[in-house]
file run.tsv (TSV, C-alpha atoms)
chain	number	residue	atom	x	y	z
A	20	MET	CA	188.53	126.28	82.05
A	21	LEU	CA	186.55	129.36	83.04
A	22	THR	CA	184.26	129.05	86.02
A	23	ASP	CA	181.67	131.32	87.58
A	24	THR	CA	182.87	133.83	90.14
A	25	PRO	CA	182.15	132.39	93.61
A	26	ARG	CA	179.04	133.85	95.20
A	27	ALA	CA	179.87	136.03	98.17
A	28	PRO	CA	177.45	135.92	101.11
A	29	ARG	CA	175.56	139.04	102.07
A	30	LEU	CA	177.90	141.21	104.12
A	31	TYR	CA	176.64	143.10	107.16
A	32	LEU	CA	178.90	145.97	108.22
A	33	ALA	CA	179.62	145.56	111.92
A	34	GLY	CA	180.64	148.35	114.25
A	35	ALA	CA	179.01	151.09	112.22
A	36	ASN	CA	177.04	152.44	115.17
A	37	THR	CA	180.19	153.18	117.15
A	38	HIS	CA	182.33	154.77	114.47
A	39	ALA	CA	182.70	158.08	112.65
A	40	LEU	CA	182.42	156.26	109.32
A	41	LEU	CA	178.71	155.67	109.93
A	42	PRO	CA	177.66	157.95	107.00
A	43	ALA	CA	179.43	155.59	104.61
A	44	THR	CA	176.95	152.81	105.44
A	45	GLU	CA	174.12	154.40	103.45
A	46	GLY	CA	172.61	151.85	101.05
A	47	ARG	CA	174.44	148.97	102.76
A	48	TYR	CA	173.55	146.11	105.07
A	49	ALA	CA	174.47	146.95	108.66
A	50	LEU	CA	174.84	145.02	111.90
A	51	GLU	CA	173.72	146.70	115.10
A	52	SER	CA	174.58	145.38	118.54
A	53	PHE	CA	172.09	145.89	121.36
A	54	ALA	CA	175.13	146.47	123.57
A	55	ASN	CA	175.91	149.64	121.58
A	56	ILE	CA	172.59	151.16	120.57
A	57	VAL	CA	173.19	154.91	120.23
A	58	PRO	CA	170.83	157.78	119.23
A	59	VAL	CA	173.06	159.01	116.40
A	60	VAL	CA	172.21	155.87	114.40
A	61	GLU	CA	168.53	156.81	114.16
A	62	ALA	CA	169.22	159.19	111.27
A	63	TYR	CA	170.95	156.46	109.27
A	64	ARG	CA	168.74	153.41	109.85
A	65	PRO	CA	166.22	154.41	107.14
A	66	LEU	CA	169.11	154.71	104.67
A	67	TRP	CA	170.36	151.15	105.14
A	68	ARG	CA	169.46	148.46	102.66
A	69	GLY	CA	168.83	146.09	105.55
A	70	ALA	CA	169.87	145.53	109.14
A	71	LEU	CA	170.68	142.66	111.47
A	72	LEU	CA	170.32	143.04	115.24
A	73	ASP	CA	172.82	141.24	117.47
A	74	SER	CA	172.06	140.70	121.14
A	75	GLY	CA	175.49	141.89	122.27
A	76	ALA	CA	176.63	138.44	123.40
A	77	PHE	CA	180.16	139.00	122.09
A	78	SER	CA	180.40	142.21	124.12
A	79	VAL	CA	179.34	140.24	127.20
A	80	MET	CA	182.20	137.80	126.59
A	81	THR	CA	184.82	140.51	126.00
A	82	THR	CA	183.75	143.14	128.56
A	83	GLY	CA	181.89	141.17	131.19
A	84	LYS	CA	178.99	143.61	130.99
A	85	ALA	CA	175.73	141.64	131.12
A	86	ILE	CA	172.82	142.15	128.73
A	87	ASP	CA	169.42	142.52	130.39
A	88	LEU	CA	167.17	139.99	128.63
A	89	GLY	CA	164.06	141.94	129.63
A	90	ALA	CA	165.45	145.19	128.22
A	91	TYR	CA	166.48	143.41	125.01
A	92	ARG	CA	163.02	141.88	124.66
A	93	GLU	CA	161.42	145.29	125.22
A	94	TYR	CA	163.63	146.90	122.57
A	95	VAL	CA	162.80	144.17	120.07
A	96	SER	CA	159.09	144.49	120.84
A	97	GLU	CA	159.24	148.21	120.03
A	98	HIS	CA	161.71	148.26	117.12
A	99	GLY	CA	161.97	144.68	115.87
A	100	ASP	CA	159.95	145.19	112.68
A	101	PHE	CA	162.78	147.30	111.28
A	102	TYR	CA	165.35	144.49	111.29
A	103	THR	CA	165.72	141.74	108.70
A	104	ALA	CA	166.63	139.29	111.45
A	105	ILE	CA	167.22	139.39	115.21
A	106	ALA	CA	169.63	137.20	117.13
A	107	SER	CA	168.60	135.67	120.42
A	108	LEU	CA	170.71	136.35	123.50
A	109	ASP	CA	173.22	133.51	123.22
A	110	VAL	CA	175.77	132.54	125.83
A	111	ILE	CA	179.20	132.16	124.25
A	112	ASP	CA	181.03	130.67	127.25
A	113	GLY	CA	179.49	127.23	126.75
A	114	ASP	CA	176.18	127.35	128.62
A	115	TRP	CA	174.16	126.27	125.59
A	116	ARG	CA	171.16	125.35	127.71
A	117	GLN	CA	170.85	128.98	128.79
A	118	SER	CA	171.18	130.01	125.14
A	119	ILE	CA	168.19	127.78	124.33
A	120	ALA	CA	166.20	129.23	127.23
A	121	ASN	CA	166.90	132.78	126.06
A	122	TRP	CA	165.89	131.87	122.50
A	123	ARG	CA	162.63	130.33	123.70
A	124	ALA	CA	161.95	133.46	125.74
A	125	MET	CA	162.04	135.61	122.58
A	126	PRO	CA	159.97	134.06	119.77
A	127	GLY	CA	160.92	135.39	116.35
A	128	THR	CA	164.63	135.59	117.10
A	129	PHE	CA	167.15	133.09	115.79
A	130	PRO	CA	169.59	130.84	117.71
A	131	THR	CA	173.35	130.58	117.38
A	132	TRP	CA	175.43	127.41	117.60
A	133	HIS	CA	178.99	127.78	118.89
A	134	GLU	CA	182.02	125.62	118.30
A	135	GLY	CA	182.29	123.15	121.18
A	136	GLU	CA	178.54	122.78	121.65
A	137	PRO	CA	176.89	119.42	120.84
A	138	ALA	CA	176.79	118.72	117.10
A	139	GLU	CA	173.20	117.51	117.40
A	140	LEU	CA	172.22	120.91	118.77
A	141	LEU	CA	173.08	122.51	115.43
A	142	ARG	CA	171.03	119.82	113.67
A	143	ASP	CA	168.10	120.63	115.96
A	144	TYR	CA	168.40	124.34	115.24
A	145	LEU	CA	168.50	123.72	111.48
A	146	ALA	CA	165.47	121.44	111.67
A	147	GLU	CA	163.42	123.88	113.71
A	148	GLN	CA	164.39	126.84	111.52
A	149	ALA	CA	163.78	124.93	108.27
A	150	GLY	CA	162.14	126.83	105.44
A	151	GLY	CA	164.43	129.85	105.35
A	152	GLY	CA	164.75	130.61	109.05
A	153	TRP	CA	168.04	131.94	110.34
A	154	VAL	CA	170.67	130.07	112.35
A	155	GLY	CA	173.93	131.65	113.49
A	156	ILE	CA	177.31	129.93	113.68
A	157	GLY	CA	180.07	131.23	115.93
A	158	MET	CA	183.63	130.01	116.45
A	159	GLN	CA	185.78	130.10	119.56
A	160	ARG	CA	188.25	132.97	119.74
A	161	PRO	CA	190.98	132.19	122.31
A	162	GLY	CA	192.65	135.50	123.04
A	163	GLY	CA	190.19	137.26	120.75
A	164	ARG	CA	191.45	135.70	117.50
A	165	LEU	CA	190.30	132.76	115.43
A	166	ASP	CA	192.60	129.84	114.70
A	167	PRO	CA	192.23	129.60	110.90
A	168	ALA	CA	193.17	125.92	110.60
A	169	GLN	CA	190.89	124.86	113.46
A	170	THR	CA	188.05	127.02	112.13
A	171	ARG	CA	188.30	125.39	108.69
A	172	ARG	CA	188.38	121.91	110.22
A	173	VAL	CA	185.21	122.59	112.20
A	174	LEU	CA	183.37	124.20	109.29
A	175	ALA	CA	184.17	121.17	107.11
A	176	THR	CA	182.21	118.97	109.53
A	177	LEU	CA	179.05	121.09	109.69
A	178	PRO	CA	175.89	120.05	107.83
A	179	THR	CA	175.01	121.74	104.55
A	180	ASP	CA	171.90	119.70	103.74
A	181	HIS	CA	169.39	122.29	104.92
A	182	ASP	CA	167.38	125.24	103.60
A	183	CYS	CA	168.14	127.68	106.40
A	184	HIS	CA	169.76	131.09	106.19
A	185	VAL	CA	173.02	130.45	108.05
A	186	HIS	CA	174.86	133.53	109.31
A	187	GLY	CA	178.56	133.27	110.15
A	188	TRP	CA	179.34	135.62	113.03
A	189	GLY	CA	182.61	137.35	112.13
A	190	LEU	CA	183.35	134.60	109.59
A	191	THR	CA	183.61	136.60	106.36
A	192	MET	CA	187.10	135.22	105.73
A	193	TYR	CA	185.70	131.67	105.77
A	194	ALA	CA	182.97	132.00	103.15
A	195	ALA	CA	184.96	129.70	100.87
A	196	ASP	CA	184.86	127.00	103.57
A	197	TYR	CA	181.13	126.97	104.30
A	198	PRO	CA	178.13	128.18	102.25
A	199	PHE	CA	177.05	131.00	104.56
A	200	ALA	CA	174.08	133.03	103.40
A	201	SER	CA	175.47	136.04	105.23
A	202	THR	CA	178.39	137.11	107.40
A	203	ASP	CA	179.46	140.26	109.21
A	204	SER	CA	182.76	142.05	109.54
A	205	ALA	CA	184.21	145.07	111.27
A	206	ALA	CA	187.35	144.86	109.10
A	207	TRP	CA	185.74	147.30	106.66
A	208	ILE	CA	186.42	150.11	109.17
A	209	ARG	CA	190.19	149.57	109.16
A	210	MET	CA	190.30	148.92	105.43
A	211	LEU	CA	188.22	151.98	104.52
A	212	ALA	CA	190.34	154.16	106.82
A	213	ALA	CA	193.48	152.84	105.11
A	214	HIS	CA	192.00	153.57	101.68
A	215	MET	CA	191.15	157.11	102.76
A	216	ALA	CA	194.75	157.61	103.93
A	217	ASN	CA	196.18	156.24	100.68
A	218	GLY	CA	197.39	159.20	98.63
A	219	ASN	CA	197.03	157.22	95.43
A	220	LEU	CA	193.25	157.07	96.02
A	221	ARG	CA	192.59	160.68	96.98
A	222	HIS	CA	190.60	161.27	93.77
A	223	LEU	CA	187.93	158.78	94.90
A	224	THR	CA	184.92	159.60	97.08
A	225	LYS	CA	184.28	157.86	100.39
A	226	ARG	CA	181.41	155.93	98.82
A	227	GLU	CA	183.65	154.74	95.98
A	228	LEU	CA	186.30	153.69	98.47
A	229	LEU	CA	183.68	151.70	100.38
A	230	GLU	CA	182.75	149.93	97.13
A	231	ILE	CA	186.40	148.89	96.81
A	232	THR	CA	186.52	147.83	100.45
A	233	ILE	CA	183.45	145.61	100.19
A	234	ALA	CA	184.66	144.08	96.93
A	235	ARG	CA	187.92	143.17	98.66
A	236	LEU	CA	186.05	141.62	101.59
A	237	ASP	CA	183.80	139.66	99.22
A	238	ARG	CA	186.85	138.19	97.49
A	239	ALA	CA	188.95	137.77	100.62
A	240	PRO	CA	188.00	134.14	101.39
A	241	TRP	CA	189.11	132.96	97.97
A	242	ARG	CA	192.30	135.05	98.02
A	243	ALA	CA	193.19	133.51	101.37
A	244	LYS	CA	192.86	130.08	99.76
A	245	TRP	CA	195.82	130.66	97.44
A	246	ASP	CA	197.76	133.20	99.51
A	247	PRO	CA	197.96	131.97	103.13
A	248	ASN	CA	199.96	135.07	104.14
A	249	TRP	CA	197.15	137.44	103.16
A	250	SER	CA	194.45	138.57	105.59
A	251	CYS	CA	192.12	141.53	106.10
A	252	SER	CA	194.40	142.71	108.89
A	253	VAL	CA	197.46	142.63	106.64
A	254	ALA	CA	195.50	144.39	103.89
A	255	ALA	CA	194.67	147.25	106.22
A	256	SER	CA	198.07	147.49	107.89
A	257	THR	CA	199.60	150.03	105.53
A	258	GLN	CA	198.36	153.30	104.13
A	259	GLN	CA	200.09	152.94	100.77
A	260	GLN	CA	198.66	149.50	100.17
A	261	SER	CA	198.08	147.55	97.00
A	262	LEU	CA	194.45	147.03	96.12
A	263	LEU	CA	195.10	143.49	94.92

call {"tool": "encode", "arguments": {"input": "run.tsv", "output": "structure tokens"}}
result
Amino acid sequence: MLTDTPRAPRLYLAGANTHALLPATEGRYALESFANIVPVVEAYRPLWRGALLDSGAFSVMTTGKAIDLGAYREYVSEHGDFYTAIASLDVIDGDWRQSIANWRAMPGTFPTWHEGEPAELLRDYLAEQAGGGWVGIGMQRPGGRLDPAQTRRVLATLPTDHDCHVHGWGLTMYAADYPFASTDSAAWIRMLAAHMANGNLRHLTKRELLEITIARLDRAPWRAKWDPNWSCSVAASTQQQSLL
């Protein structure tokens, strides 16, 4: 029996503001991190279809470099109207009370619930953001990588009876496990670079190669369902790769 093609969530391209492939993001949705705001992006922002602003919390966790809440608030006050949505400064290491305090300190931003935080906290976020407001969901990354089985187990327990826009931080591969309205991924950088290095694709433009890349990312969660050995990392690991 034929069924409709699964709906892919809106994909925000992460890491664009720190990479030479920035020109390829024209006409796309992009994710900017306050931890990596750079002047070169100013020429491209008007060309994006939409943009999401991240506080830089993940960079805090991975580099130890703190984000100044006052500086973030000042940036949002000056430039916030440009962004589709703005994440509050969440604390990924488990201090969810500080995450709430930071969210309250910046009205108009949206909160993020992290795996390991109280389940009722996510319910509270969804209730307060009801009517189309955004809520982020983030998973623990021991050693910098997600545990696929654990991630799927957690996502299966999360509420879906809401009308919020739920964004899965770095959870593009799990769009078949939870009905995210949007996700973000930096895997497009590796995949696009691999496509550009693939001699069989040299007749295609960079923009056409990005179309292929995004199509692959959109379909990735469902491919991973029937091919457990496939991943975005594997797909980008060889220059002469198959596009399937």

call {"tool": "residues_around", "arguments": {"input": "run.tsv", "residues": "Val173 in chain A", "least_positions_apart": "6", "cutoff": "12 Å", "atoms": "all atoms listed in the file", "output": "list in words"}}
result
His133, Glu134, Gly135, Glu136, Ala138, Ile156, Gly157, Met158, Gln159, Leu165, Asp166, Pro167, Tyr193, Asp196 and Tyr197 of chain A

call {"tool": "residues_around", "arguments": {"input": "run.tsv", "residues": "Ile233 in chain A", "least_positions_apart": "6", "cutoff": "10 Å", "atoms": "all atoms listed in the file", "output": "short mmCIF file (atom, residue, chain, number, x, y, z; two decimals) with C-alpha atoms, in the frame of the given file"}}
result
data_model
loop_
_atom_site.label_atom_id
_atom_site.label_comp_id
_atom_site.auth_asym_id
_atom_site.auth_seq_id
_atom_site.Cartn_x
_atom_site.Cartn_y
_atom_site.Cartn_z
CA LEU A 30 177.90 141.21 104.12
CA LEU A 32 178.90 145.97 108.22
CA ARG A 47 174.44 148.97 102.76
CA ALA A 206 187.35 144.86 109.10
CA TRP A 207 185.74 147.30 106.66
CA MET A 210 190.30 148.92 105.43
CA LEU A 211 188.22 151.98 104.52
CA ALA A 239 188.95 137.77 100.62
#

call {"tool": "residues_near_point", "arguments": {"input": "run.tsv", "point": "(181.2, 147.4, 111.8)", "cutoff": "7 Å", "atoms": "all atoms listed in the file", "output": "PyMOL selection string"}}
result
chain A and resi 32-35+50+204-205+207-208

call {"tool": "atom_distance", "arguments": {"input": "run.tsv", "atom1": "CA of Leu72 in chain A", "atom2": "CA of Arg235 in chain A"}}
result
24.2 Å

call {"tool": "closest_residue", "arguments": {"input": "run.tsv", "among": "A:Leu141, A:Ala76, A:Ala49, A:Pro130", "to": "Asp112 in chain A", "atoms": "only C-alpha atoms"}}
result
A:Ala76

call {"tool": "atom_distance", "arguments": {"input": "run.tsv", "atom1": "CA of Ala90 in chain A", "atom2": "CA of Pro137 in chain A"}}
result
29.1 Å

call {"tool": "atom_distance", "arguments": {"input": "run.tsv", "atom1": "CA of Trp153 in chain A", "atom2": "CA of Ala43 in chain A"}}
result
26.9 Å

call {"tool": "residues_around", "arguments": {"input": "run.tsv", "residues": "Asp237 in chain A", "least_positions_apart": "6", "cutoff": "9 Å", "atoms": "all atoms listed in the file", "output": "list in words"}}
result
Arg26, Ala27, Pro28, Arg29, Leu30, Thr191, Met192 and Ala194 of chain A

call {"tool": "closest_residue", "arguments": {"input": "run.tsv", "among": "A:Asn121, A:Thr170, A:Ser52, A:Ser201", "to": "Leu108 in chain A", "atoms": "all atoms listed in the file"}}
result
A:Asn121

call {"tool": "residues_around", "arguments": {"input": "run.tsv", "residues": "Pro65 in chain A", "least_positions_apart": "4", "cutoff": "10 Å", "atoms": "only C-alpha atoms", "output": "VMD selection string"}}
result
chain A and resid 45 to 46 60 to 61 69 to 70 101

call {"tool": "write_last_selection", "arguments": {"input": "run.tsv", "atoms": "C-alpha atoms", "output": "PDB file, in the frame of the given file"}}
result
ATOM      1  CA  GLU A  45     174.120 154.400 103.450  1.00  0.00           C
ATOM      2  CA  GLY A  46     172.610 151.850 101.050  1.00  0.00           C
ATOM      3  CA  VAL A  60     172.210 155.870 114.400  1.00  0.00           C
ATOM      4  CA  GLU A  61     168.530 156.810 114.160  1.00  0.00           C
ATOM      5  CA  GLY A  69     168.830 146.090 105.550  1.00  0.00           C
ATOM      6  CA  ALA A  70     169.870 145.530 109.140  1.00  0.00           C
ATOM      7  CA  PHE A 101     162.780 147.300 111.280  1.00  0.00           C
TER       8      PHE A 101
END

call {"tool": "closest_residue", "arguments": {"input": "run.tsv", "among": "A:Val110, A:Trp67, A:Phe199, A:Asp73", "to": "Ala85 in chain A", "atoms": "only C-alpha atoms"}}
result
A:Val110

call {"tool": "closest_residue", "arguments": {"input": "run.tsv", "among": "A:Met125, A:Ala175, A:Val185, A:Val154", "to": "Glu93 in chain A", "atoms": "all atoms listed in the file"}}
result
A:Met125

call {"tool": "residues_around", "arguments": {"input": "run.tsv", "residues": "Arg123 in chain A", "least_positions_apart": "5", "cutoff": "9 Å", "atoms": "all atoms listed in the file", "output": "count of residues only"}}
result
3

call {"tool": "closest_residue", "arguments": {"input": "run.tsv", "among": "A:Thr202, A:Lys84, A:Val59, A:Asp180", "to": "Ala149 in chain A", "atoms": "all atoms listed in the file"}}
result
A:Asp180

call {"tool": "closest_residue", "arguments": {"input": "run.tsv", "among": "A:Trp122, A:Gly187, A:Ala200, A:Thr44", "to": "Thr232 in chain A", "atoms": "all atoms listed in the file"}}
result
A:Thr44

call {"tool": "decode", "arguments": {"input": "run.tsv", "residues": "range 47-173 of chain A", "atoms": "C-alpha atoms", "output": "short mmCIF file (atom, residue, chain, number, x, y, z; two decimals), in the first residue's frame"}}
result
data_model
loop_
_atom_site.label_atom_id
_atom_site.label_comp_id
_atom_site.auth_asym_id
_atom_site.auth_seq_id
_atom_site.Cartn_x
_atom_site.Cartn_y
_atom_site.Cartn_z
CA ARG A 47 18.07 28.36 3.31
CA TYR A 48 17.24 28.31 7.00
CA ALA A 49 20.35 28.91 9.10
CA LEU A 50 21.30 28.52 12.74
CA GLU A 51 23.58 31.12 14.27
CA SER A 52 25.28 30.68 17.62
CA PHE A 53 25.89 33.74 19.77
CA ALA A 54 29.20 32.10 20.70
CA ASN A 55 30.34 32.49 17.07
CA ILE A 56 28.85 35.72 15.77
CA VAL A 57 31.22 36.98 13.06
CA PRO A 58 31.06 40.08 10.80
CA VAL A 59 31.35 38.08 7.56
CA VAL A 60 27.83 36.71 8.13
CA GLU A 61 26.25 40.16 7.83
CA ALA A 62 26.35 39.99 4.04
CA TYR A 63 24.48 36.68 4.00
CA ARG A 64 21.80 37.16 6.66
CA PRO A 65 19.43 39.02 4.29
CA LEU A 66 19.73 36.12 1.84
CA TRP A 67 18.56 33.46 4.29
CA ARG A 68 15.00 32.21 4.21
CA GLY A 69 14.94 32.34 8.00
CA ALA A 70 17.28 32.15 10.96
CA LEU A 71 17.38 30.69 14.45
CA LEU A 72 19.62 32.17 17.14
CA ASP A 73 21.23 29.81 19.65
CA SER A 74 22.65 31.15 22.89
CA GLY A 75 25.89 29.20 22.55
CA ALA A 76 25.11 26.85 25.45
CA PHE A 77 26.60 23.86 23.64
CA SER A 78 29.84 25.78 23.13
CA VAL A 79 29.90 26.51 26.86
CA MET A 80 29.64 22.78 27.56
CA THR A 81 32.34 21.78 25.05
CA THR A 82 34.83 24.64 25.49
CA GLY A 83 34.18 25.92 28.99
CA LYS A 84 33.95 29.47 27.67
CA ALA A 85 31.08 31.23 29.43
CA ILE A 86 28.39 33.26 27.67
CA ASP A 87 27.74 36.70 29.15
CA LEU A 88 23.97 36.85 29.70
CA GLY A 89 24.02 40.65 29.64
CA ALA A 90 25.89 40.73 26.33
CA TYR A 91 23.50 38.14 24.86
CA ARG A 92 20.50 40.16 26.02
CA GLU A 93 22.00 43.32 24.49
CA TYR A 94 22.60 41.57 21.16
CA VAL A 95 19.05 40.25 21.09
CA SER A 96 17.67 43.68 21.96
CA GLU A 97 19.50 45.17 18.97
CA HIS A 98 19.16 42.38 16.39
CA GLY A 99 16.43 40.07 17.66
CA ASP A 100 13.76 41.15 15.18
CA PHE A 101 15.74 39.47 12.40
CA TYR A 102 15.46 35.96 13.85
CA THR A 103 12.50 33.61 13.56
CA ALA A 104 13.15 32.38 17.09
CA ILE A 105 15.74 32.94 19.82
CA ALA A 106 16.87 30.37 22.36
CA SER A 107 17.33 31.35 25.97
CA LEU A 108 20.70 30.75 27.62
CA ASP A 109 20.20 27.20 28.87
CA VAL A 110 22.55 25.31 31.15
CA ILE A 111 23.26 21.86 29.73
CA ASP A 112 25.13 20.41 32.73
CA GLY A 113 21.94 19.85 34.72
CA ASP A 114 21.30 23.16 36.50
CA TRP A 115 17.78 23.49 35.13
CA ARG A 116 16.84 26.09 37.73
CA GLN A 117 19.48 28.42 36.30
CA SER A 118 18.12 27.68 32.82
CA ILE A 119 14.69 28.84 34.00
CA ALA A 120 16.18 31.98 35.56
CA ASN A 121 17.99 32.83 32.33
CA TRP A 122 14.81 32.27 30.32
CA ARG A 123 12.81 34.54 32.64
CA ALA A 124 15.52 37.19 32.30
CA MET A 125 15.00 37.33 28.52
CA PRO A 126 11.28 37.53 27.62
CA GLY A 127 10.59 36.49 24.05
CA THR A 128 13.17 33.71 24.01
CA PHE A 129 12.27 30.05 24.26
CA PRO A 130 13.39 27.43 26.82
CA THR A 131 15.08 24.09 26.25
CA TRP A 132 14.45 20.87 28.15
CA HIS A 133 17.37 18.45 28.44
CA GLU A 134 17.38 14.72 28.96
CA GLY A 135 17.75 14.04 32.68
CA GLU A 136 15.76 17.09 33.77
CA PRO A 137 12.37 16.59 35.49
CA ALA A 138 9.70 15.33 33.09
CA GLU A 139 7.20 17.78 34.55
CA LEU A 140 9.50 20.64 33.58
CA LEU A 141 8.97 19.83 29.90
CA ARG A 142 5.21 19.73 30.52
CA ASP A 143 5.44 23.17 32.14
CA TYR A 144 7.40 24.56 29.20
CA LEU A 145 4.87 23.16 26.71
CA ALA A 146 1.97 24.60 28.70
CA GLU A 147 3.51 28.05 28.98
CA GLN A 148 4.53 28.11 25.32
CA ALA A 149 1.14 26.82 24.12
CA GLY A 150 -0.29 28.35 20.96
CA GLY A 151 2.72 27.93 18.69
CA GLY A 152 5.52 29.02 20.99
CA TRP A 153 8.87 27.30 20.71
CA VAL A 154 10.36 24.72 23.08
CA GLY A 155 13.76 23.11 22.53
CA ILE A 156 14.68 19.51 23.32
CA GLY A 157 18.28 18.46 23.86
CA MET A 158 19.80 15.05 24.55
CA GLN A 159 22.85 14.14 26.59
CA ARG A 160 26.02 13.56 24.59
CA PRO A 161 28.55 11.60 26.69
CA GLY A 162 31.86 12.04 24.94
CA GLY A 163 30.23 14.34 22.40
CA ARG A 164 28.07 11.66 20.74
CA LEU A 165 24.48 10.61 21.17
CA ASP A 166 23.55 7.07 22.15
CA PRO A 167 20.96 6.25 19.45
CA ALA A 168 19.10 3.58 21.43
CA GLN A 169 18.91 5.71 24.58
CA THR A 170 17.87 8.76 22.57
CA ARG A 171 15.01 6.85 20.95
CA ARG A 172 13.88 5.47 24.30
CA VAL A 173 13.72 8.95 25.80
#
